[in-house]
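For reference, the structure discussed in these notes is given below.
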Amino acid sequence: MSKRLRNTELCADCNVPEPRWASVNRGVLVCDECCSVHRSLGRHSSQVRHLTHTPWPPTQLQMVQTLYSNGSNSIWEHSLLDPASVMSGKRKANPQDKLHPNKSEFIRAKYQMLAFVHRMPCREDDSLTAKDLSKQLHSSVRTGNLETCLRLLSLGAQANFFHPEKGNTPLHVAAKAGQVSQAELLTVYGADPGAPDSNGKTPIDYAREAGQHDLADRLVEIQYELTDRLAFYLCGRKPDHKNSQHFIVPQMADSSLDLSELAKAAKKKLQSLSNHLFEELAMDVYDEVDRRETDAVWLATQNHSTLVTETTVVPFLPVNPEYSSTRNQGRQKLARFNAHEFATLVIDILSDAKRRQQGNSVACPKDNIELILKSVAVRHCSDSQEDQPDYDSVASDEDTDQELPSSKGDRTKSLDSDLSDSPITMHEYLEVKHALSASEAKIQQLMKANNNLSDELRLMQKKI
């Protein structure tokens with residue numbers, strides 16, 4: 001779980017003391033204001049987590065701590081350290097700067113455009129440069145020098161690079177050497193714990209052979225991170241991977257109703273997607289879960305007397321320029337789903353992921369994901385899933401949207417002790433629902449207080 005870092009840190013973007021958020025893939029700590037900009041960039045640019053109100057895998061938190069304490073911010077602000085940049089007027093944001101446009105423009109230049117990162121000399125073939133960087137990464141991960149590897153990744157080294165001579169990936173090397181933090185960093189940048197090398201062995205296999213059982217268990221968790229996160233979002237518990245339980249497929253609380261024809265059609269469309277399209281949809285739903293949960297943490301940790309919602313809200317998933325316009329539009333439509341509709345889609349994703357893992361997928365790449373989203377969106381009266389041995393009941397009203405970490409922690413205490421395949425009791429479900437309702441009421445109360453204060457402030461300004 002989370003462990004509060006020392007109180008001597010400064011925000012990497014504006015030097016405000018005691019930052020409360022971390023950007024996992026950038027290896028920096030940021031304050032609340034700067035975090036609001038990070039969130040608007042999207043997870044493809046910055047993956048933010050709260051230091052104390054978000055559950056952390058201990059080794060991932062240690063990785064971020066190590067990067068920050070070893071000066072990872074200098075990677076993203078390399079050119080600003082040059083005295084010539086001061087003469088040219090370039091500078092980083094400071095605490096007195098306004099959030100918009102000063103801080104936001106600086107942060108976008110720093111992380112989206114990588115404007116201050118040290119560039120490699122231009123070459124005719126960029127692919128050769130990426131290959132050379134990836135080979136350097138392959139060699140570096142056997143050591144504990146995290147910042148060197150982050151610098152290589154920032155320049156374009158590929159975390160999943162398959163070395164043609166060595167016959168393996170950087171994650172194989174890190175796992176074999178027992179470099180836990182290197183493994184965490186590589187997986188944050190997309191390294192696959194289940195990728196086989198030329199001998200058919202995975203990084204998990206090498207970690208076990210090296211006696212690094214904790215690392216091997218962590219790599220298994222990372223391998224199932226997407227489905228674990230979706231299951232935890234709905235029922236507050238994760239599969240017991242050590243006992244070969246890799247999936248939990250929750251069940252809607254009103255599952256006594258029969259599937260409608262539209263629901264059956266939506267489920268059939270989902271099942272007929274090619275593995276590639278299904279993975280894309282699952283990743284988009286994962287990003288939406290992250291957006292909703294981070295919103296809940298954000299609202300719970302803000303000073304609501306000064307919160308300006310117009311400049312800090314992230315109403316839907318930000319555009320990822322690497323995706324097609326159609327996919328970006330579909331991602332943004334996920335924000336329109338109410339709690340019940342979104343839970344239905346998540347359950348369908350989990351159910352079909354389990355089926356595909358068992359080798360029963362039927363590929364049909366021409367299916368339209370948008371049709372699935374439209375079909376799922378109207379399944380709020382007749383949702384259910386076929387009976388499976390590992391179901392849990394989940395809330396089906398809109399309270400789930402505003403679930404706070406405190407209520408999720410209460411759920412975890414009551415559910416983590418029972419990782420069997422039986423459903424949770426009605427008493428447990430009602431306790432969870434009550435906690436969610438209380439959290440929603442608290443948020444509404446705080447937002448109302450914020451609006452009242454804003455009205456008073458405008459009135460005072462008008463009088464002045």
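Chain labels A, B, ... are given in the sequence in which chains occur in the structure tokens; within each chain residues are numbered consecutively from 1, and ligands are likewise numbered from 1 in the order shown.
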Just want the 7 Å neighbourhood of stretch 99-107 of chain A, counted on only C-alpha atoms, with same-chain residues fewer than 4 positions away dropped. Output as a ChimeraX atom specification.
/A:13,33,37,92-93,111
Report as an MDAnalysis selection string all protein, DNA and RNA residues lying within 8 Å of A:Glu77, evaluated on only C-alpha atoms, omitting residues in the same chain fewer than 6 positions from it.
chainID A and resid 110 116:117
Keeping only N, CA and C atoms, take the residues you just selected and write them out as a PDB file, in the first residue's frame.
ATOM      1  N   LYS A 110       6.829  20.256 -21.757  1.00  0.00           N
ATOM      2  CA  LYS A 110       7.788  19.378 -21.083  1.00  0.00           C
ATOM      3  C   LYS A 110       7.506  17.906 -21.337  1.00  0.00           C
ATOM      4  N   PHE A 116      12.326  19.853 -23.765  1.00  0.00           N
ATOM      5  CA  PHE A 116      13.570  20.112 -23.038  1.00  0.00           C
ATOM      6  C   PHE A 116      14.435  18.862 -22.878  1.00  0.00           C
ATOM      7  N   VAL A 117      14.017  17.760 -23.505  1.00  0.00           N
ATOM      8  CA  VAL A 117      14.777  16.507 -23.421  1.00  0.00           C
ATOM      9  C   VAL A 117      16.002  16.598 -24.324  1.00  0.00           C
TER      10      VAL A 117
END
From the DSSP assignment of the backbone, select every residue of stretch 153-251 of chain A that is alpha helix (DSSP H), and format the answer as a ChimeraX atom specification.
/A:153-155,170-177,180-188,203-209,213-223,225-235
Would you please work out which residue, of A:Asn94, A:Gln271, A:Thr326, A:Gln251, is nearest to A:Ala353 when using only C-alpha atoms?
A:Gln271
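Coordinates place atom CA of A:Ala157 at a distance of 5.5 Å from atom CA of A:Ala130.
Minimum atom-to-atom distance to A:Phe247, evaluated using only C-alpha atoms, belongs to A:Ile347 out of A:Ala12, A:Ala174, A:Met63, A:Ile347.
Taking atom CA of A:Thr66 as the reference point, atom CA of A:Leu80 is found at 22.2 Å.
Minimum atom-to-atom distance to A:Lys268, evaluated using only C-alpha atoms, belongs to A:Asp348 out of A:Gly178, A:Asp348, A:Glu221, A:Thr294.
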